[in-house]
$ cat coords19.cif   # mmCIF, C-alpha atoms (C1' of nucleotides)
data_run
loop_
_atom_site.group_PDB
_atom_site.id
_atom_site.type_symbol
_atom_site.label_atom_id
_atom_site.label_comp_id
_atom_site.auth_asym_id
_atom_site.auth_seq_id
_atom_site.Cartn_x
_atom_site.Cartn_y
_atom_site.Cartn_z
ATOM 1 C CA MET A 5 59.134 161.005 -91.282
ATOM 2 C CA SER A 6 58.715 157.440 -92.474
ATOM 3 C CA ILE A 7 59.712 153.959 -91.426
ATOM 4 C CA VAL A 8 60.788 151.079 -93.668
ATOM 5 C CA ILE A 9 60.077 147.496 -92.591
ATOM 6 C CA ALA A 10 61.346 144.519 -94.569
ATOM 7 C CA THR A 11 60.575 140.794 -94.384
ATOM 8 C CA TRP A 12 62.649 137.916 -95.736
ATOM 9 C CA ASN A 13 62.589 134.143 -95.471
ATOM 10 C CA VAL A 14 66.338 133.471 -95.616
ATOM 11 C CA ASN A 15 66.202 129.628 -95.626
ATOM 12 C CA SER A 16 68.951 129.230 -92.986
ATOM 13 C CA ILE A 17 70.582 132.290 -91.402
ATOM 14 C CA ARG A 18 73.895 130.428 -91.239
ATOM 15 C CA ALA A 19 73.920 129.785 -94.977
ATOM 16 C CA ARG A 20 72.645 133.291 -95.785
ATOM 17 C CA MET A 21 74.582 135.565 -93.399
ATOM 18 C CA ALA A 22 76.567 137.318 -96.153
ATOM 19 C CA HIS A 23 73.345 137.900 -98.097
ATOM 20 C CA ALA A 24 71.583 139.308 -95.029
ATOM 21 C CA LEU A 25 74.410 141.721 -94.225
ATOM 22 C CA ALA A 26 74.602 142.863 -97.866
ATOM 23 C CA PHE A 27 70.845 143.486 -97.913
ATOM 24 C CA LEU A 28 70.980 145.574 -94.722
ATOM 25 C CA GLU A 29 73.904 147.617 -96.112
ATOM 26 C CA ALA A 30 72.120 148.169 -99.417
ATOM 27 C CA ARG A 31 68.604 148.993 -98.184
ATOM 28 C CA GLN A 32 69.080 150.115 -94.570
ATOM 29 C CA PRO A 33 65.555 149.184 -93.440
ATOM 30 C CA ASP A 34 64.575 150.360 -89.964
ATOM 31 C CA VAL A 35 63.230 146.884 -89.213
ATOM 32 C CA LEU A 36 63.860 143.467 -90.765
ATOM 33 C CA LEU A 37 61.731 140.381 -90.101
ATOM 34 C CA LEU A 38 63.481 137.061 -90.760
ATOM 35 C CA GLN A 39 62.037 133.570 -91.140
ATOM 36 C CA GLU A 40 63.411 130.035 -91.469
ATOM 37 C CA LEU A 41 66.556 130.593 -89.425
ATOM 38 C CA LYS A 42 66.948 126.786 -89.276
ATOM 39 C CA GLY A 43 69.038 126.608 -86.119
ATOM 40 C CA LEU A 44 69.378 127.484 -82.460
ATOM 41 C CA GLU A 45 72.263 129.920 -82.910
ATOM 42 C CA PHE A 46 71.442 133.522 -83.853
ATOM 43 C CA PRO A 47 74.310 135.903 -84.793
ATOM 44 C CA ALA A 48 72.996 138.885 -82.805
ATOM 45 C CA LEU A 49 76.447 140.454 -82.362
ATOM 46 C CA GLU A 50 77.052 140.691 -86.106
ATOM 47 C CA PHE A 51 73.772 142.550 -86.563
ATOM 48 C CA GLU A 52 74.465 144.744 -83.532
ATOM 49 C CA ALA A 53 77.684 145.855 -85.278
ATOM 50 C CA LEU A 54 75.491 147.260 -88.065
ATOM 51 C CA GLY A 55 73.297 149.077 -85.559
ATOM 52 C CA TYR A 56 70.459 146.566 -85.266
ATOM 53 C CA HIS A 57 69.000 145.287 -82.019
ATOM 54 C CA SER A 58 67.431 141.866 -82.368
ATOM 55 C CA VAL A 59 64.997 139.431 -80.816
ATOM 56 C CA ALA A 60 64.966 135.834 -82.019
ATOM 57 C CA ILE A 61 63.386 132.470 -81.294
ATOM 58 C CA GLY A 62 65.258 129.526 -82.725
ATOM 59 C CA GLN A 63 64.682 125.805 -83.078
ATOM 60 C CA LYS A 64 66.999 122.967 -84.057
ATOM 61 C CA SER A 65 66.973 122.296 -87.827
ATOM 62 C CA TYR A 66 63.632 123.882 -88.606
ATOM 63 C CA ASN A 67 61.662 127.130 -88.475
ATOM 64 C CA GLY A 68 62.985 130.015 -86.369
ATOM 65 C CA VAL A 69 62.101 133.728 -86.648
ATOM 66 C CA ALA A 70 63.757 137.014 -85.677
ATOM 67 C CA ILE A 71 63.168 140.764 -85.762
ATOM 68 C CA LEU A 72 66.022 143.242 -86.219
ATOM 69 C CA SER A 73 65.430 146.907 -85.404
ATOM 70 C CA LYS A 74 67.436 150.119 -85.404
ATOM 71 C CA LEU A 75 64.774 151.574 -83.111
ATOM 72 C CA PRO A 76 64.162 150.459 -79.523
ATOM 73 C CA ILE A 77 62.373 147.098 -79.544
ATOM 74 C CA GLU A 78 60.611 145.174 -76.806
ATOM 75 C CA MET A 79 59.649 141.492 -77.032
ATOM 76 C CA VAL A 80 56.050 140.815 -75.994
ATOM 77 C CA THR A 81 55.887 137.054 -76.645
ATOM 78 C CA ASN A 82 57.307 134.396 -78.943
ATOM 79 C CA LYS A 83 54.281 132.122 -78.773
ATOM 80 C CA LEU A 84 51.070 132.435 -80.727
ATOM 81 C CA ALA A 85 48.169 132.089 -78.285
ATOM 82 C CA GLY A 86 45.693 129.246 -78.496
ATOM 83 C CA SER A 87 47.751 126.081 -78.103
ATOM 84 C CA ASP A 88 49.805 124.489 -75.343
ATOM 85 C CA GLU A 89 51.250 121.753 -77.579
ATOM 86 C CA ASP A 90 52.653 123.943 -80.357
ATOM 87 C CA THR A 91 56.428 124.130 -79.815
ATOM 88 C CA HIS A 92 57.422 125.413 -83.288
ATOM 89 C CA ALA A 93 59.431 128.651 -83.452
ATOM 90 C CA ARG A 94 57.177 130.526 -85.857
ATOM 91 C CA TYR A 95 56.060 133.695 -84.093
ATOM 92 C CA ILE A 96 57.481 136.828 -82.502
ATOM 93 C CA GLU A 97 55.414 139.757 -81.282
ATOM 94 C CA THR A 98 57.161 143.017 -80.408
ATOM 95 C CA ILE A 99 56.512 146.683 -79.713
ATOM 96 C CA ILE A 100 58.828 149.120 -81.509
ATOM 97 C CA ASP A 101 59.152 152.833 -80.617
ATOM 98 C CA THR A 102 58.883 154.574 -83.980
ATOM 99 C CA PRO A 103 58.758 156.795 -81.724
ATOM 100 C CA THR A 104 55.024 156.217 -81.386
ATOM 101 C CA LYS A 105 54.373 152.611 -80.441
ATOM 102 C CA LEU A 106 53.928 150.114 -83.245
ATOM 103 C CA ARG A 107 53.134 146.417 -82.768
ATOM 104 C CA VAL A 108 55.398 144.456 -85.137
ATOM 105 C CA VAL A 109 54.705 140.751 -85.550
ATOM 106 C CA CYS A 110 56.899 138.312 -87.488
ATOM 107 C CA ILE A 111 55.348 135.006 -88.579
ATOM 108 C CA TYR A 112 56.431 131.863 -90.358
ATOM 109 C CA LEU A 113 53.060 130.306 -91.080
ATOM 110 C CA PRO A 114 53.162 126.507 -91.505
ATOM 111 C CA ASN A 115 53.644 125.247 -95.061
ATOM 112 C CA GLY A 116 50.995 122.535 -94.653
ATOM 113 C CA ASN A 117 52.083 120.135 -97.381
ATOM 114 C CA PRO A 118 51.086 117.537 -98.188
ATOM 115 C CA VAL A 119 47.347 118.209 -98.176
ATOM 116 C CA GLY A 120 45.342 115.552 -96.338
ATOM 117 C CA THR A 121 47.857 115.091 -93.520
ATOM 118 C CA ASP A 122 48.241 116.410 -89.979
ATOM 119 C CA LYS A 123 50.560 119.066 -91.409
ATOM 120 C CA PHE A 124 47.713 120.606 -93.366
ATOM 121 C CA LEU A 125 45.404 120.523 -90.329
ATOM 122 C CA TYR A 126 48.146 122.179 -88.264
ATOM 123 C CA LYS A 127 48.400 124.948 -90.858
ATOM 124 C CA LEU A 128 44.646 125.605 -90.772
ATOM 125 C CA GLN A 129 44.566 125.565 -86.966
ATOM 126 C CA TRP A 130 47.525 127.951 -86.847
ATOM 127 C CA MET A 131 45.638 130.321 -89.153
ATOM 128 C CA GLU A 132 42.567 130.101 -86.926
ATOM 129 C CA ARG A 133 44.673 131.023 -83.913
ATOM 130 C CA LEU A 134 46.158 133.985 -85.783
ATOM 131 C CA ILE A 135 42.687 135.167 -86.812
ATOM 132 C CA VAL A 136 41.585 135.167 -83.155
ATOM 133 C CA GLN A 137 44.630 137.276 -82.280
ATOM 134 C CA MET A 138 44.009 139.655 -85.180
ATOM 135 C CA ALA A 139 40.419 140.166 -84.089
ATOM 136 C CA ALA A 140 41.689 141.223 -80.666
ATOM 137 C CA TRP A 141 44.234 143.640 -82.154
ATOM 138 C CA LYS A 142 41.837 145.206 -84.623
ATOM 139 C CA ASN A 143 40.512 147.721 -82.126
ATOM 140 C CA ASP A 144 43.657 148.081 -80.032
ATOM 141 C CA PRO A 145 45.011 151.647 -79.698
ATOM 142 C CA ILE A 146 48.458 150.422 -80.824
ATOM 143 C CA PRO A 147 48.535 149.952 -84.632
ATOM 144 C CA THR A 148 49.774 146.570 -85.841
ATOM 145 C CA ILE A 149 51.764 145.222 -88.770
ATOM 146 C CA ILE A 150 52.101 141.487 -89.358
ATOM 147 C CA GLY A 151 54.800 140.431 -91.788
ATOM 148 C CA GLY A 152 56.432 137.237 -92.859
ATOM 149 C CA ASP A 153 56.141 134.044 -94.847
ATOM 150 C CA PHE A 154 52.396 133.355 -94.817
ATOM 151 C CA ASN A 155 52.684 130.315 -97.093
ATOM 152 C CA VAL A 156 49.470 131.508 -98.751
ATOM 153 C CA ILE A 157 48.909 132.255 -102.451
ATOM 154 C CA PRO A 158 45.990 134.672 -101.979
ATOM 155 C CA GLU A 159 44.642 134.876 -105.541
ATOM 156 C CA ASP A 160 45.185 133.344 -108.972
ATOM 157 C CA ILE A 161 47.265 136.368 -110.027
ATOM 158 C CA ASP A 162 49.684 135.568 -107.194
ATOM 159 C CA CYS A 163 51.086 132.549 -109.052
ATOM 160 C CA ASP A 164 52.459 131.951 -112.524
ATOM 161 C CA LYS A 165 49.833 129.366 -113.415
ATOM 162 C CA PRO A 166 47.045 128.165 -111.083
ATOM 163 C CA ALA A 167 47.089 124.664 -112.623
ATOM 164 C CA ASN A 168 50.594 124.162 -111.218
ATOM 165 C CA TRP A 169 49.453 124.828 -107.630
ATOM 166 C CA LEU A 170 46.037 123.156 -107.412
ATOM 167 C CA ARG A 171 47.274 120.324 -105.178
ATOM 168 C CA ASP A 172 49.504 122.562 -103.048
ATOM 169 C CA ALA A 173 48.585 123.472 -99.462
ATOM 170 C CA LEU A 174 49.425 127.125 -100.201
ATOM 171 C CA PHE A 175 46.636 127.286 -102.780
ATOM 172 C CA GLN A 176 43.842 125.241 -101.170
ATOM 173 C CA PRO A 177 40.402 126.872 -100.763
ATOM 174 C CA GLU A 178 40.622 126.315 -96.980
ATOM 175 C CA THR A 179 43.919 128.194 -96.881
ATOM 176 C CA ARG A 180 42.798 131.055 -99.095
ATOM 177 C CA ASP A 181 39.453 131.378 -97.288
ATOM 178 C CA ARG A 182 41.274 131.998 -94.027
ATOM 179 C CA TYR A 183 43.547 134.609 -95.598
ATOM 180 C CA ARG A 184 40.495 136.313 -97.084
ATOM 181 C CA ALA A 185 38.846 136.254 -93.654
ATOM 182 C CA MET A 186 41.781 138.328 -92.391
ATOM 183 C CA LEU A 187 41.204 140.905 -95.148
ATOM 184 C CA ALA A 188 37.433 140.801 -94.552
ATOM 185 C CA MET A 189 38.113 141.795 -90.929
ATOM 186 C CA GLY A 190 39.592 145.034 -92.228
ATOM 187 C CA TRP A 191 43.287 144.167 -92.584
ATOM 188 C CA THR A 192 45.176 145.403 -95.649
ATOM 189 C CA ASP A 193 47.538 143.371 -97.845
ATOM 190 C CA ALA A 194 50.116 146.133 -98.391
ATOM 191 C CA PHE A 195 51.392 145.042 -101.785
ATOM 192 C CA ARG A 196 48.004 144.209 -103.279
ATOM 193 C CA ALA A 197 46.418 147.417 -101.982
ATOM 194 C CA LEU A 198 48.960 149.472 -103.930
ATOM 195 C CA TYR A 199 49.066 147.218 -107.007
ATOM 196 C CA PRO A 200 45.575 145.696 -107.347
ATOM 197 C CA ASP A 201 46.111 144.306 -110.850
ATOM 198 C CA THR A 202 49.837 143.626 -111.023
ATOM 199 C CA ARG A 203 50.673 140.100 -112.198
ATOM 200 C CA ASP A 204 53.925 138.193 -112.062
ATOM 201 C CA ALA A 205 55.017 139.925 -108.827
ATOM 202 C CA PHE A 206 56.417 137.040 -106.812
ATOM 203 C CA THR A 207 58.421 136.603 -103.604
ATOM 204 C CA PHE A 208 59.340 132.897 -103.931
ATOM 205 C CA TRP A 209 60.678 130.760 -106.756
ATOM 206 C CA ASP A 210 61.549 127.054 -106.526
ATOM 207 C CA TYR A 211 65.220 126.203 -106.816
ATOM 208 C CA PHE A 212 64.606 123.749 -109.648
ATOM 209 C CA ARG A 213 63.673 124.026 -113.299
ATOM 210 C CA GLN A 214 65.127 127.549 -113.529
ATOM 211 C CA ALA A 215 61.979 128.869 -111.894
ATOM 212 C CA PHE A 216 63.493 132.282 -111.081
ATOM 213 C CA GLU A 217 64.967 132.787 -114.550
ATOM 214 C CA ARG A 218 61.565 131.970 -116.042
ATOM 215 C CA ASN A 219 59.689 133.938 -113.335
ATOM 216 C CA ARG A 220 57.599 130.932 -112.392
ATOM 217 C CA GLY A 221 56.963 131.896 -108.800
ATOM 218 C CA ILE A 222 54.375 132.712 -106.174
ATOM 219 C CA ARG A 223 53.619 135.684 -103.903
ATOM 220 C CA ILE A 224 53.501 134.236 -100.382
ATOM 221 C CA ASP A 225 55.469 136.762 -98.259
ATOM 222 C CA HIS A 226 53.074 139.444 -97.089
ATOM 223 C CA PHE A 227 52.527 142.470 -94.881
ATOM 224 C CA LEU A 228 49.094 142.888 -93.303
ATOM 225 C CA LEU A 229 48.241 146.286 -91.812
ATOM 226 C CA SER A 230 45.628 146.831 -89.127
ATOM 227 C CA PRO A 231 42.772 149.220 -90.015
ATOM 228 C CA ALA A 232 44.380 152.061 -88.056
ATOM 229 C CA LEU A 233 47.717 151.575 -89.828
ATOM 230 C CA ALA A 234 46.473 151.197 -93.414
ATOM 231 C CA PRO A 235 46.125 154.970 -94.090
ATOM 232 C CA ARG A 236 49.862 155.300 -93.347
ATOM 233 C CA LEU A 237 50.875 152.925 -96.154
ATOM 234 C CA GLN A 238 53.251 154.763 -98.491
ATOM 235 C CA ALA A 239 55.010 152.134 -100.585
ATOM 236 C CA CYS A 240 55.596 148.411 -100.952
ATOM 237 C CA GLU A 241 58.350 146.849 -103.014
ATOM 238 C CA ILE A 242 59.549 143.348 -103.814
ATOM 239 C CA ASP A 243 63.338 143.498 -104.076
ATOM 240 C CA LYS A 244 64.419 140.727 -106.446
ATOM 241 C CA THR A 245 68.117 141.563 -106.166
ATOM 242 C CA PRO A 246 68.967 139.061 -103.393
ATOM 243 C CA ARG A 247 67.231 136.200 -105.238
ATOM 244 C CA ALA A 248 69.446 136.800 -108.290
ATOM 245 C CA GLN A 249 72.692 136.330 -106.368
ATOM 246 C CA GLU A 250 74.821 133.196 -105.974
ATOM 247 C CA LYS A 251 73.496 130.564 -103.538
ATOM 248 C CA PRO A 252 70.348 132.567 -102.749
ATOM 249 C CA SER A 253 67.403 131.876 -100.487
ATOM 250 C CA ASP A 254 64.397 130.669 -102.480
ATOM 251 C CA HIS A 255 62.542 133.762 -101.184
ATOM 252 C CA THR A 256 63.316 137.429 -101.808
ATOM 253 C CA PRO A 257 62.646 140.410 -99.475
ATOM 254 C CA VAL A 258 59.550 142.601 -99.421
ATOM 255 C CA LEU A 259 59.835 146.186 -98.107
ATOM 256 C CA VAL A 260 57.004 148.393 -96.883
ATOM 257 C CA THR A 261 57.173 152.137 -96.159
ATOM 258 C CA LEU A 262 54.871 153.674 -93.537
ATOM 259 C CA ASN A 263 54.563 157.378 -92.777
ATOM 260 C "C1'" DA B 1 56.879 112.320 -111.624
ATOM 261 C "C1'" DT B 2 60.288 115.586 -111.856
ATOM 262 C "C1'" DG B 3 63.637 118.933 -109.875
ATOM 263 C "C1'" DT B 4 67.268 121.837 -105.785
ATOM 264 C "C1'" DC B 5 68.907 123.219 -101.366
ATOM 265 C "C1'" DA B 6 69.994 122.986 -96.203
ATOM 266 C "C1'" DA B 7 70.240 120.440 -91.826
ATOM 267 C "C1'" DT B 8 71.141 116.286 -89.556
ATOM 268 C "C1'" DA B 9 72.027 111.473 -88.534
ATOM 269 C "C1'" DT B 10 72.078 107.049 -90.757
ATOM 270 C "C1'" DA B 11 77.897 110.519 -91.496
ATOM 271 C "C1'" DC B 12 82.456 111.051 -98.297
ATOM 272 C "C1'" DT B 13 75.487 109.052 -98.261
ATOM 273 C "C1'" DA B 14 70.393 108.930 -97.041
ATOM 274 C "C1'" DT B 15 66.483 111.186 -95.140
ATOM 275 C "C1'" DT B 16 63.408 115.017 -94.182
ATOM 276 C "C1'" DG B 17 61.208 119.434 -94.992
ATOM 277 C "C1'" DA B 18 60.497 122.914 -97.940
#
$ encode --input "coords19.cif" --output "structure tokens"
Amino acid sequence: MSIVIATWNVNSIRARMAHALAFLEARQPDVLLLQELKGLEFPALEFEALGYHSVAIGQKSYNGVAILSKLPIEMVTNKLAGSDEDTHARYIETIIDTPTKLRVVCIYLPNGNPVGTDKFLYKLQWMERLIVQMAAWKNDPIPTIIGGDFNVIPEDIDCDKPANWLRDALFQPETRDRYRAMLAMGWTDAFRALYPDTRDAFTFWDYFRQAFERNRGIRIDHFLLSPALAPRLQACEIDKTPRAQEKPSDHTPVLVTLN
DNA sequence: ATGTCAATATACTATTGA
């Protein structure tokens, strides 16, 4: 008895609907986390026709996240605690009956570029708020999985060439320190735990300069497992198929299998 | 500095965010 959870930044659900439906048909994950919906409308009925319930929080033009689930799903909140001013649609927290309860959290962590602006400070503050939440969940009886676009390049081996990313918010020491603080608390990076030395395993490639064809990418879409959940990690796979199709998202899906 | 894509307003083009 195992459960498969996938995450994918689709870069507009409207533009990527055919890709999303094809991915669900091909891989049949039990749960799919989506980021960067880029609109207020969410096509819940089309996903329901494939047997997926959904919860979504949209925003005009930017951001937006959703969770699709074949299993019963209950929305807990769509706001990350710790700020009254933050109106971005970047967070959904749910409980899914697997049939034992599992806390499934979908995040679209702020990009933070350019460094030295309010955007970068917002990113760091958002990470601080998430860390506070993760500390609270660490000892909760319900195991937790956090998946999504973290906009963090954790280590040098998670990019094609560190020199290309030195000025990028995704690669700053402040950013990486906060990600490492999450791991230091006892959370597990699912992909890296299974493949500690694997290089050139990326989840995002820029649209320009034939970055995908040359595999000049970064690994920024992650699954973090709470200490109680980590022993149930079975597999983690980056599926590059959707990125190779016509008019793709710049990200490709990651799938994790839990027993 | 460059490059590409998607959404939107400024609307057969420019701006913004990524």
$ residues_around --input "coords19.cif" --residues "Trp209 (chain A)" --least-positions-apart "4" --cutoff "8 Å" --atoms "only C-alpha atoms (C1' of nucleotides)" --output "ChimeraX atom specification"
/A:215-216,219-222,254-255
$ resolve_selection --input "coords19.cif" --expression "the PyMOL selection byres ((chain A) within 12 of (chain B))" --output "PDB file with C-alpha atoms, in the coordinates of the input"
ATOM      1  CA  ASN A  13      62.589 134.143 -95.471  1.00  0.00           C
ATOM      2  CA  VAL A  14      66.338 133.471 -95.616  1.00  0.00           C
ATOM      3  CA  ASN A  15      66.202 129.628 -95.626  1.00  0.00           C
ATOM      4  CA  SER A  16      68.951 129.230 -92.986  1.00  0.00           C
ATOM      5  CA  ILE A  17      70.582 132.290 -91.402  1.00  0.00           C
ATOM      6  CA  ARG A  18      73.895 130.428 -91.239  1.00  0.00           C
ATOM      7  CA  ALA A  19      73.920 129.785 -94.977  1.00  0.00           C
ATOM      8  CA  ARG A  20      72.645 133.291 -95.785  1.00  0.00           C
ATOM      9  CA  GLU A  40      63.411 130.035 -91.469  1.00  0.00           C
ATOM     10  CA  LEU A  41      66.556 130.593 -89.425  1.00  0.00           C
ATOM     11  CA  LYS A  42      66.948 126.786 -89.276  1.00  0.00           C
ATOM     12  CA  GLY A  43      69.038 126.608 -86.119  1.00  0.00           C
ATOM     13  CA  LEU A  44      69.378 127.484 -82.460  1.00  0.00           C
ATOM     14  CA  GLN A  63      64.682 125.805 -83.078  1.00  0.00           C
ATOM     15  CA  LYS A  64      66.999 122.967 -84.057  1.00  0.00           C
ATOM     16  CA  SER A  65      66.973 122.296 -87.827  1.00  0.00           C
ATOM     17  CA  TYR A  66      63.632 123.882 -88.606  1.00  0.00           C
ATOM     18  CA  ASN A  67      61.662 127.130 -88.475  1.00  0.00           C
ATOM     19  CA  PRO A 114      53.162 126.507 -91.505  1.00  0.00           C
ATOM     20  CA  ASN A 115      53.644 125.247 -95.061  1.00  0.00           C
ATOM     21  CA  GLY A 116      50.995 122.535 -94.653  1.00  0.00           C
ATOM     22  CA  ASN A 117      52.083 120.135 -97.381  1.00  0.00           C
ATOM     23  CA  PRO A 118      51.086 117.537 -98.188  1.00  0.00           C
ATOM     24  CA  LYS A 123      50.560 119.066 -91.409  1.00  0.00           C
ATOM     25  CA  ASN A 155      52.684 130.315 -97.093  1.00  0.00           C
ATOM     26  CA  PHE A 208      59.340 132.897-103.931  1.00  0.00           C
ATOM     27  CA  TRP A 209      60.678 130.760-106.756  1.00  0.00           C
ATOM     28  CA  ASP A 210      61.549 127.054-106.526  1.00  0.00           C
ATOM     29  CA  TYR A 211      65.220 126.203-106.816  1.00  0.00           C
ATOM     30  CA  PHE A 212      64.606 123.749-109.648  1.00  0.00           C
ATOM     31  CA  ARG A 213      63.673 124.026-113.299  1.00  0.00           C
ATOM     32  CA  GLN A 214      65.127 127.549-113.529  1.00  0.00           C
ATOM     33  CA  ALA A 215      61.979 128.869-111.894  1.00  0.00           C
ATOM     34  CA  LYS A 251      73.496 130.564-103.538  1.00  0.00           C
ATOM     35  CA  PRO A 252      70.348 132.567-102.749  1.00  0.00           C
ATOM     36  CA  SER A 253      67.403 131.876-100.487  1.00  0.00           C
ATOM     37  CA  ASP A 254      64.397 130.669-102.480  1.00  0.00           C
ATOM     38  CA  HIS A 255      62.542 133.762-101.184  1.00  0.00           C
TER      39      HIS A 255
END
$ atom_distance --input "coords19.cif" --atom1 "CA of Ala24 (chain A)" --atom2 "CA of Ile111 (chain A)"
18.0 Å
$ resolve_selection --input "coords19.cif" --expression "the PyMOL selection byres ((chain A and resi 240) around 7)" --output "JSON list (two decimals) with C-alpha atoms, keeping the file's coordinate frame"
[["chain", "number", "residue", "atom", "x", "y", "z"],
["A", 194, "ALA", "CA", 50.12, 146.13, -98.39],
["A", 195, "PHE", "CA", 51.39, 145.04, -101.78],
["A", 239, "ALA", "CA", 55.01, 152.13, -100.58],
["A", 241, "GLU", "CA", 58.35, 146.85, -103.01],
["A", 259, "LEU", "CA", 59.84, 146.19, -98.11],
["A", 260, "VAL", "CA", 57.00, 148.39, -96.88],
["A", 261, "THR", "CA", 57.17, 152.14, -96.16]]
$ closest_residue --input "coords19.cif" --among "A:Leu72, A:Leu38, A:Ala167, A:Met79" --to "Phe51 (chain A)" --atoms "only C-alpha atoms"
A:Leu72
$ atom_distance --input "coords19.cif" --atom1 "CA of Pro33 (chain A)" --atom2 "CA of Leu134 (chain A)"
25.8 Å
$ axis_aligned_box --input "coords19.cif" --around "region 97-111 of chain A" --padding-each-side "4 Å" --output "AutoDock Vina command-line options"
--center_x 56.1 --center_y 145.9 --center_z -84.1 --size_x 14.0 --size_y 29.8 --size_z 16.9
$ residues_around --input "coords19.cif" --residues "His226 (chain A)" --least-positions-apart "6" --cutoff "12 Å" --atoms "only C-alpha atoms (C1' of nucleotides)" --output "ChimeraX atom specification"
/A:9-13,37,109-113,149-158,162,183,191-197,205-208,240-242,255-260
$ write_last_selection --input "coords19.cif" --atoms "C-alpha atoms" --output "mmCIF file, in the frame of the given file"
data_model
loop_
_atom_site.group_PDB
_atom_site.id
_atom_site.type_symbol
_atom_site.label_atom_id
_atom_site.label_comp_id
_atom_site.auth_asym_id
_atom_site.auth_seq_id
_atom_site.Cartn_x
_atom_site.Cartn_y
_atom_site.Cartn_z
ATOM 1 C CA ILE A 9 60.077 147.496 -92.591
ATOM 2 C CA ALA A 10 61.346 144.519 -94.569
ATOM 3 C CA THR A 11 60.575 140.794 -94.384
ATOM 4 C CA TRP A 12 62.649 137.916 -95.736
ATOM 5 C CA ASN A 13 62.589 134.143 -95.471
ATOM 6 C CA LEU A 37 61.731 140.381 -90.101
ATOM 7 C CA VAL A 109 54.705 140.751 -85.550
ATOM 8 C CA CYS A 110 56.899 138.312 -87.488
ATOM 9 C CA ILE A 111 55.348 135.006 -88.579
ATOM 10 C CA TYR A 112 56.431 131.863 -90.358
ATOM 11 C CA LEU A 113 53.060 130.306 -91.080
ATOM 12 C CA ILE A 149 51.764 145.222 -88.770
ATOM 13 C CA ILE A 150 52.101 141.487 -89.358
ATOM 14 C CA GLY A 151 54.800 140.431 -91.788
ATOM 15 C CA GLY A 152 56.432 137.237 -92.859
ATOM 16 C CA ASP A 153 56.141 134.044 -94.847
ATOM 17 C CA PHE A 154 52.396 133.355 -94.817
ATOM 18 C CA ASN A 155 52.684 130.315 -97.093
ATOM 19 C CA VAL A 156 49.470 131.508 -98.751
ATOM 20 C CA ILE A 157 48.909 132.255 -102.451
ATOM 21 C CA PRO A 158 45.990 134.672 -101.979
ATOM 22 C CA ASP A 162 49.684 135.568 -107.194
ATOM 23 C CA TYR A 183 43.547 134.609 -95.598
ATOM 24 C CA TRP A 191 43.287 144.167 -92.584
ATOM 25 C CA THR A 192 45.176 145.403 -95.649
ATOM 26 C CA ASP A 193 47.538 143.371 -97.845
ATOM 27 C CA ALA A 194 50.116 146.133 -98.391
ATOM 28 C CA PHE A 195 51.392 145.042 -101.785
ATOM 29 C CA ARG A 196 48.004 144.209 -103.279
ATOM 30 C CA ALA A 197 46.418 147.417 -101.982
ATOM 31 C CA ALA A 205 55.017 139.925 -108.827
ATOM 32 C CA PHE A 206 56.417 137.040 -106.812
ATOM 33 C CA THR A 207 58.421 136.603 -103.604
ATOM 34 C CA PHE A 208 59.340 132.897 -103.931
ATOM 35 C CA CYS A 240 55.596 148.411 -100.952
ATOM 36 C CA GLU A 241 58.350 146.849 -103.014
ATOM 37 C CA ILE A 242 59.549 143.348 -103.814
ATOM 38 C CA HIS A 255 62.542 133.762 -101.184
ATOM 39 C CA THR A 256 63.316 137.429 -101.808
ATOM 40 C CA PRO A 257 62.646 140.410 -99.475
ATOM 41 C CA VAL A 258 59.550 142.601 -99.421
ATOM 42 C CA LEU A 259 59.835 146.186 -98.107
ATOM 43 C CA VAL A 260 57.004 148.393 -96.883
#
$ atom_distance --input "coords19.cif" --atom1 "CA of Val69 (chain A)" --atom2 "CA of Ile96 (chain A)"
6.9 Å
$ resolve_selection --input "coords19.cif" --expression "the PyMOL selection byres ((chain A and resi 92) around 9)" --output "ChimeraX atom specification"
/A:62-63,66-68,83,90-91,93-95
$ residues_around --input "coords19.cif" --residues "Ala30 (chain A)" --least-positions-apart "5" --cutoff "12 Å" --atoms "only C-alpha atoms (C1' of nucleotides)" --output "JSON, numbers by chain"
{"A": [23, 24, 25, 54, 243, 245, 246]}
